[in-house]
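Undergrad: Next comes my_file38.txt, compact mmCIF, C-alpha atoms:
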# COMPACT_ATOMS: atom_id res chain seq x y z
CA MET A 11 181.76 -123.19 60.19
CA LYS A 12 178.40 -123.00 61.84
CA GLN A 13 177.69 -124.88 65.02
CA THR A 14 174.45 -126.82 65.04
CA VAL A 15 173.03 -127.48 68.45
CA TRP A 16 170.31 -130.08 68.88
CA LEU A 17 168.42 -129.11 72.01
CA CYS A 18 167.01 -132.07 73.89
CA ALA A 19 166.65 -129.77 76.88
CA ILE A 20 164.41 -127.29 75.11
CA MET A 21 161.26 -129.35 75.52
CA ALA A 22 161.75 -129.32 79.27
CA CYS A 23 162.07 -125.56 79.04
CA ALA A 24 158.91 -125.32 76.93
CA ALA A 25 157.02 -127.48 79.41
CA SER A 26 157.91 -125.05 82.16
CA MET A 27 156.60 -122.15 80.07
CA THR A 28 153.13 -123.48 79.23
CA THR A 29 150.54 -125.61 80.95
CA THR A 30 148.95 -126.80 77.69
CA ALA A 31 150.30 -129.92 75.97
CA ARG A 32 151.40 -129.44 72.39
CA GLY A 33 149.15 -132.29 71.30
CA SER A 34 146.01 -130.91 72.90
CA VAL A 35 143.11 -129.62 70.81
CA VAL A 36 142.98 -125.82 70.64
CA ASP A 37 140.02 -123.87 69.30
CA PRO A 38 141.31 -121.74 66.38
CA ASP A 39 139.90 -118.58 67.95
CA THR A 40 141.34 -119.29 71.38
CA VAL A 41 144.69 -117.78 72.26
CA GLU A 42 146.23 -119.49 75.25
CA PRO A 43 147.51 -117.08 77.90
CA SER A 44 151.26 -116.62 78.04
CA PRO A 45 152.85 -117.89 81.24
CA SER A 46 153.57 -115.28 83.88
CA PRO A 47 156.11 -114.53 84.97
CA ARG A 48 158.37 -115.68 82.13
CA ALA A 49 161.64 -117.12 83.33
CA ASN A 50 163.83 -116.52 80.28
CA ALA A 51 165.25 -113.66 78.26
CA TRP A 52 167.14 -113.46 74.96
CA ASN A 53 169.09 -110.54 73.53
CA VAL A 54 167.74 -110.06 70.00
CA ILE A 55 169.26 -107.72 67.41
CA TYR A 56 167.24 -106.91 64.29
CA GLU A 57 169.49 -107.00 61.22
CA GLY A 58 167.07 -106.31 58.36
CA LEU A 59 165.12 -108.33 55.83
CA GLY A 60 166.20 -111.25 53.68
CA TYR A 61 163.89 -112.05 50.78
CA TYR A 62 161.02 -109.56 50.97
CA ASP A 63 158.56 -107.58 48.90
CA ILE A 64 156.06 -104.75 49.34
CA LEU A 65 152.39 -105.55 49.85
CA GLU A 66 151.08 -102.58 47.88
CA SER A 67 147.58 -102.56 49.33
CA GLU A 68 147.26 -104.59 52.52
CA HIS A 69 143.97 -104.51 54.42
CA PHE A 70 144.22 -105.25 58.13
CA ASP A 71 141.57 -104.61 60.78
CA GLY A 72 139.83 -101.93 58.72
CA GLY A 73 143.00 -100.08 57.69
CA VAL A 74 144.98 -100.06 54.44
CA SER A 75 148.76 -99.89 54.25
CA LYS A 76 151.78 -100.45 52.03
CA THR A 77 153.92 -102.93 53.92
CA PRO A 78 157.35 -104.55 53.37
CA VAL A 79 157.11 -108.21 54.40
CA GLY A 80 159.26 -111.34 54.20
CA GLN A 81 162.14 -113.04 55.96
CA ILE A 82 163.31 -111.23 59.09
CA MET A 83 167.01 -111.51 59.89
CA ILE A 84 167.97 -111.38 63.56
CA ASP A 85 170.94 -112.13 65.78
CA VAL A 86 170.34 -114.00 69.04
CA ASN A 87 173.32 -113.90 71.39
CA GLY A 88 175.74 -113.89 68.46
CA SER A 89 174.08 -116.37 66.08
CA PRO A 90 171.93 -115.58 63.02
CA PHE A 91 168.33 -116.70 62.57
CA ILE A 92 165.68 -116.24 59.91
CA VAL A 93 162.32 -115.65 61.58
CA TRP A 94 158.76 -114.62 60.68
CA CYS A 95 156.46 -112.01 62.16
CA VAL A 96 153.47 -113.18 64.21
CA ASP A 97 152.57 -109.72 65.50
CA ARG A 98 151.32 -107.52 62.65
CA PRO A 99 150.39 -104.38 64.69
CA HIS A 100 153.91 -103.72 66.01
CA THR A 101 157.21 -102.79 64.37
CA THR A 102 160.40 -104.87 64.32
CA GLY A 103 163.19 -103.89 66.70
CA SER A 104 166.07 -104.98 68.91
CA GLY A 105 165.81 -105.71 72.61
CA VAL A 106 165.24 -108.36 75.24
CA PHE A 107 162.71 -111.01 74.19
CA THR A 108 161.21 -113.98 76.01
CA LEU A 109 160.59 -117.44 74.57
CA ASP A 110 156.98 -118.65 74.50
CA SER A 111 155.28 -121.78 73.19
CA VAL A 112 153.92 -121.64 69.65
CA THR A 113 150.60 -122.76 71.11
CA THR A 114 150.06 -119.21 72.38
CA LEU A 115 149.24 -118.23 68.78
CA LYS A 116 145.79 -118.34 67.22
CA ARG A 117 145.63 -121.17 64.65
CA TRP A 118 149.06 -122.33 65.76
CA ARG A 119 148.70 -125.66 63.99
CA GLU A 120 148.04 -123.98 60.65
CA ILE A 121 150.94 -121.57 61.13
CA SER A 122 153.23 -124.46 62.07
CA TYR A 123 152.14 -126.39 58.97
CA LEU A 124 152.84 -123.43 56.69
CA TYR A 125 156.27 -122.91 58.25
CA ASP A 126 157.23 -126.58 57.95
CA HIS A 127 156.16 -126.90 54.33
CA TYR A 128 157.30 -123.57 52.87
CA ALA A 129 159.90 -121.71 54.97
CA GLU A 130 162.87 -123.80 53.80
CA GLY A 131 161.87 -123.38 50.16
CA ILE A 132 161.73 -119.59 50.10
CA ASP A 133 163.87 -118.53 47.14
CA SER A 134 162.37 -115.25 45.95
CA ASN A 135 160.94 -111.98 47.21
CA ALA A 136 157.43 -112.97 46.08
CA SER A 137 157.48 -116.35 47.87
CA ALA A 138 158.71 -114.71 51.09
CA ALA A 139 155.96 -112.09 50.98
CA ALA A 140 153.38 -114.78 50.19
CA LEU A 141 154.36 -116.91 53.19
CA GLN A 142 154.30 -113.95 55.57
CA ALA A 143 150.88 -112.87 54.29
CA ALA A 144 149.57 -116.45 54.65
CA ILE A 145 150.83 -116.60 58.26
CA TRP A 146 149.04 -113.32 59.04
CA GLU A 147 145.87 -114.59 57.39
CA CYS A 148 145.89 -117.60 59.75
CA LEU A 149 146.68 -115.40 62.72
CA TYR A 150 144.10 -112.66 62.20
CA GLU A 151 141.25 -113.88 60.02
CA ALA A 152 137.87 -114.27 61.71
CA SER A 153 136.51 -117.77 62.28
CA ASP A 154 133.54 -117.19 59.96
CA GLN A 155 135.77 -116.32 57.01
CA PRO A 156 137.70 -118.71 54.74
CA LEU A 157 141.49 -118.62 54.89
CA SER A 158 142.18 -116.67 51.72
CA LEU A 159 144.10 -113.53 50.80
CA ASP A 160 141.24 -112.43 48.56
CA GLY A 161 138.92 -109.64 49.74
CA PRO A 162 136.96 -107.61 50.29
CA GLU A 163 135.62 -109.27 53.43
CA GLY A 164 137.46 -110.37 56.54
CA MET A 165 140.02 -109.02 58.98
CA TYR A 166 143.00 -109.51 56.66
CA TRP A 167 143.24 -109.48 52.86
CA LEU A 168 145.24 -108.12 49.94
CA ASP A 169 143.93 -105.82 47.23
CA ASN A 170 145.27 -105.65 43.69
CA THR A 171 142.80 -103.31 42.04
CA SER A 172 145.84 -101.45 40.67
CA HIS A 173 146.71 -104.62 38.71
CA ILE A 174 150.33 -104.77 39.79
CA PRO A 175 151.79 -108.03 38.36
CA LYS A 176 153.88 -108.86 41.42
CA MET A 177 150.81 -108.58 43.65
CA ASP A 178 148.97 -111.15 41.55
CA LEU A 179 151.97 -113.44 42.01
CA ILE A 180 152.07 -112.90 45.79
CA ILE A 181 148.31 -113.38 46.23
CA ASP A 182 148.24 -116.53 44.08
CA ALA A 183 151.24 -118.04 45.89
CA GLY A 184 149.83 -117.19 49.32
CA ASN A 185 146.44 -118.66 48.46
CA ALA A 186 148.11 -121.85 47.21
CA MET A 187 149.89 -122.15 50.56
CA LEU A 188 146.63 -121.63 52.44
CA ALA A 189 144.83 -124.12 50.21
CA SER A 190 147.39 -126.79 51.16
CA LEU A 191 146.06 -126.66 54.74
CA VAL A 192 143.31 -129.09 53.69
CA HIS A 193 146.01 -131.77 53.93
CA MET A 194 146.95 -130.86 57.52
CA PRO A 195 146.06 -133.50 60.13
CA ASP A 196 143.76 -132.25 62.87
CA ASP A 197 146.39 -133.02 65.51
CA TYR A 198 149.34 -131.61 63.56
CA THR A 199 152.42 -130.54 65.53
CA SER A 200 155.67 -129.29 64.05
CA PRO A 201 158.86 -131.39 64.09
CA ALA A 202 160.82 -128.13 63.88
CA GLU A 203 160.32 -127.12 67.54
CA LEU A 204 158.67 -123.78 66.88
CA PHE A 205 158.57 -121.06 69.51
CA VAL A 206 157.61 -117.41 69.73
CA LEU A 207 160.13 -114.73 70.67
CA HIS A 208 157.94 -112.26 72.55
CA SER A 209 158.52 -108.56 73.17
CA PRO A 210 156.20 -106.14 74.96
CA ILE A 211 157.07 -103.36 72.49
CA TYR A 212 158.30 -104.98 69.25
CA GLN A 213 156.93 -107.60 66.87
CA ASP A 214 156.69 -111.15 68.19
CA LEU A 215 158.71 -113.53 66.01
CA LEU A 216 158.24 -117.16 65.00
CA ILE A 217 161.52 -119.03 65.46
CA ALA A 218 162.55 -122.65 64.85
CA THR A 219 165.24 -124.28 67.00
CA PHE A 220 165.36 -127.83 65.58
CA GLY A 221 168.39 -128.03 63.30
CA THR A 222 168.97 -124.28 63.58
CA PRO A 223 172.27 -122.70 64.67
CA VAL A 224 171.87 -121.78 68.34
CA PRO A 225 174.53 -119.85 70.25
CA GLU A 226 176.22 -121.68 73.10
CA PRO A 227 175.34 -118.94 75.65
CA LEU A 228 171.69 -119.57 74.75
CA THR A 229 172.18 -123.29 75.27
CA MET A 230 173.74 -122.75 78.68
CA THR A 231 170.86 -120.52 79.69
CA LEU A 232 168.41 -123.25 78.72
CA LEU A 233 170.33 -125.72 80.85
CA THR A 234 170.15 -123.43 83.86
CA LEU A 235 166.40 -123.11 83.31
CA GLY A 236 165.94 -126.80 84.05
CA GLY A 237 166.98 -128.81 81.00
CA THR A 238 168.62 -132.09 81.88
CA SER A 239 170.12 -133.40 78.65
CA LEU A 240 171.82 -131.92 75.62
CA LEU A 241 173.02 -133.43 72.38
CA MET A 242 175.53 -131.26 70.54
CA ARG A 243 176.85 -131.78 67.09
CA LYS A 244 179.72 -129.63 65.81
CA ARG A 245 180.85 -129.59 62.24
CA ARG A 246 184.49 -128.85 61.45
CA GLY A 247 185.15 -129.16 57.72
CA ASP A 248 184.25 -132.70 56.69
CA ALA A 249 184.66 -134.16 60.18
CA GLN A 250 181.85 -134.44 62.73
CA THR A 251 182.15 -134.97 66.47
CA ARG A 252 179.09 -136.15 68.46
Can you dump the structure from the file as structure tokens?

TA:
Amino acid sequence: MKQTVWLCAIMACAASMTTTARGSVVDPDTVEPSPSPRANAWNVIYEGLGYYDILESEHFDGGVSKTPVGQIMIDVNGSPFIVWCVDRPHTTGSGVFTLDSVTTLKRWREISYLYDHYAEGIDSNASAAALQAAIWECLYEASDQPLSLDGPEGMYWLDNTSHIPKMDLIIDAGNAMLASLVHMPDDYTSPAELFVLHSPIYQDLLIATFGTPVPEPLTMTLLTLGGTSLLMRKRRGDAQTR
């Protein structure tokens, strides 16, 4: 059975990694500098994609590509996670990553909102591709452009001039996700404890730790980094021990 670790210590760790409070107001075009030096490291193994689909004609920063996108499956110190890419220019790979605050991302509130409202409900290749495209739209679109996957203007958009049915489905689903941001409070912060696994050479990954299986070696590392309290819940069959 999986072990679920509730990390009370992780907020202390996050506080040591960033000087900006999670509740502070961040300009959507301002990316907060990552702390330096980082005092943590995680061994990440890329294990492939979960639900995913191909964006047949993806426009990013003036270029056009055919890109597989969706749930990214990784192993962190022996435990599986489903994560999302927040670093479009790089490729996915295995290596040593560091843990950064989600507030280092452009439009981090919008990305957090999309994750909280849609990640758990992903049940198809099209919905996974739509969520990933919506996250990239928040991350890369210019401030003078609306958050929409429709083109032909902007830094990021999807083209379906070939009239591929699945692309219509992905674009419509992604736009519906982006449209839901009108309901996001201005001071929104995620209850899921979102962080960014950062690599200097591979894609940065959005990871949630609240209610997510976390390996015990990872927990012990967090404790050595300055956490002071830890609540652990283990599930063995139908019995629970707190």

Undergrad: When distances are computed from only C-alpha atoms, which of A:Thr101, A:Ser75, A:Gln81, A:Asn87 shows the smallest separation from Ser209 (chain A)?

TA: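 Closest residue, counting only C-alpha atoms: A:Thr101.
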
Undergrad: Could you give me, as a PyMOL selection string, the residues within 10 Å of Ile181 (chain A), counting only C-alpha atoms and dropping anything in the same chain fewer than 6 positions from it?

TA: chain A and resi 65+136-137+139-141+143-144+158-160+167-170+187

Undergrad: Between A:Asp182, A:Asp63, A:Glu120, A:Asp214, which one has atoms that come closest to Asp197 (chain A), using only C-alpha atoms?

TA: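 Using only C-alpha atoms, Asp197 (chain A) sits closest to A:Glu120.
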
Undergrad: CA of Leu215 (chain A) and CA of Tyr128 (chain A), how far apart in Å?

TA: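 CA of Leu215 (chain A) lies at a distance of 16.6 Å from CA of Tyr128 (chain A).
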
Undergrad: Measure the distance from CA of Gln213 (chain A) to CA of Phe107 (chain A) in Å and round it to one decimal.

TA: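 Atom-to-atom, CA of Gln213 (chain A) and CA of Phe107 (chain A) are spaced 9.9 Å apart.
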
Undergrad: What does the distance between CA of Ile174 (chain A) and CA of Cys95 (chain A) come to in Å, to one decimal place?

TA: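 Those two atoms sit 24.3 Å apart.
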
Undergrad: Every residue with an atom at most 10 Å from (168.9, -116.8, 63.5) (file coordinates; all atoms listed in the file) is what I'm after, so could you write them as number ranges by chain?

TA: A: 54-55, 82-93, 217-219, 222-225

Undergrad: Find the spatial neighbours of Gly80 (chain A), counting all atoms listed in the file, within a cut-off of 6 Å - ignore same-chain residues fewer than 5 positions away - and output them as a PyMOL selection string.

TA: chain A and resi 61-62+138-139+142

Undergrad: For those residues, write C-alpha atoms to a file as a PDB file, in the coordinates of the input.

TA:
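Result written to out-v7.pdb:
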ATOM      1  CA  TYR A  61     163.890-112.050  50.780  1.00  0.00           C
ATOM      2  CA  TYR A  62     161.020-109.560  50.970  1.00  0.00           C
ATOM      3  CA  ALA A 138     158.710-114.710  51.090  1.00  0.00           C
ATOM      4  CA  ALA A 139     155.960-112.090  50.980  1.00  0.00           C
ATOM      5  CA  GLN A 142     154.300-113.950  55.570  1.00  0.00           C
TER       6      GLN A 142
END

Undergrad: Using all atoms listed in the file, which residue out of A:Tyr125, A:Trp118, A:Tyr166, A:Trp146 lies closest to Val74 (chain A)?

TA: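 Checking each candidate against Val74 (chain A), we get A:Tyr166 as the closest.
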
Undergrad: Please, what is the axis-aligned box for every listed atom of region 77-94 of chain A with 6 Å on each side, as centre and edge lengths in Å to one decimal, as JSON?

TA:
{"center_x": 164.8, "center_y": -109.8, "center_z": 62.4, "size_x": 33.8, "size_y": 25.8, "size_z": 30.0}

Undergrad: Rank nothing, just name the residue among A:Asp154, A:Asp178, A:Glu163, A:Asp133 nearest to Gly72 (chain A), using all atoms listed in the file.

TA: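 Smallest distance to Gly72 (chain A) is found for A:Glu163.
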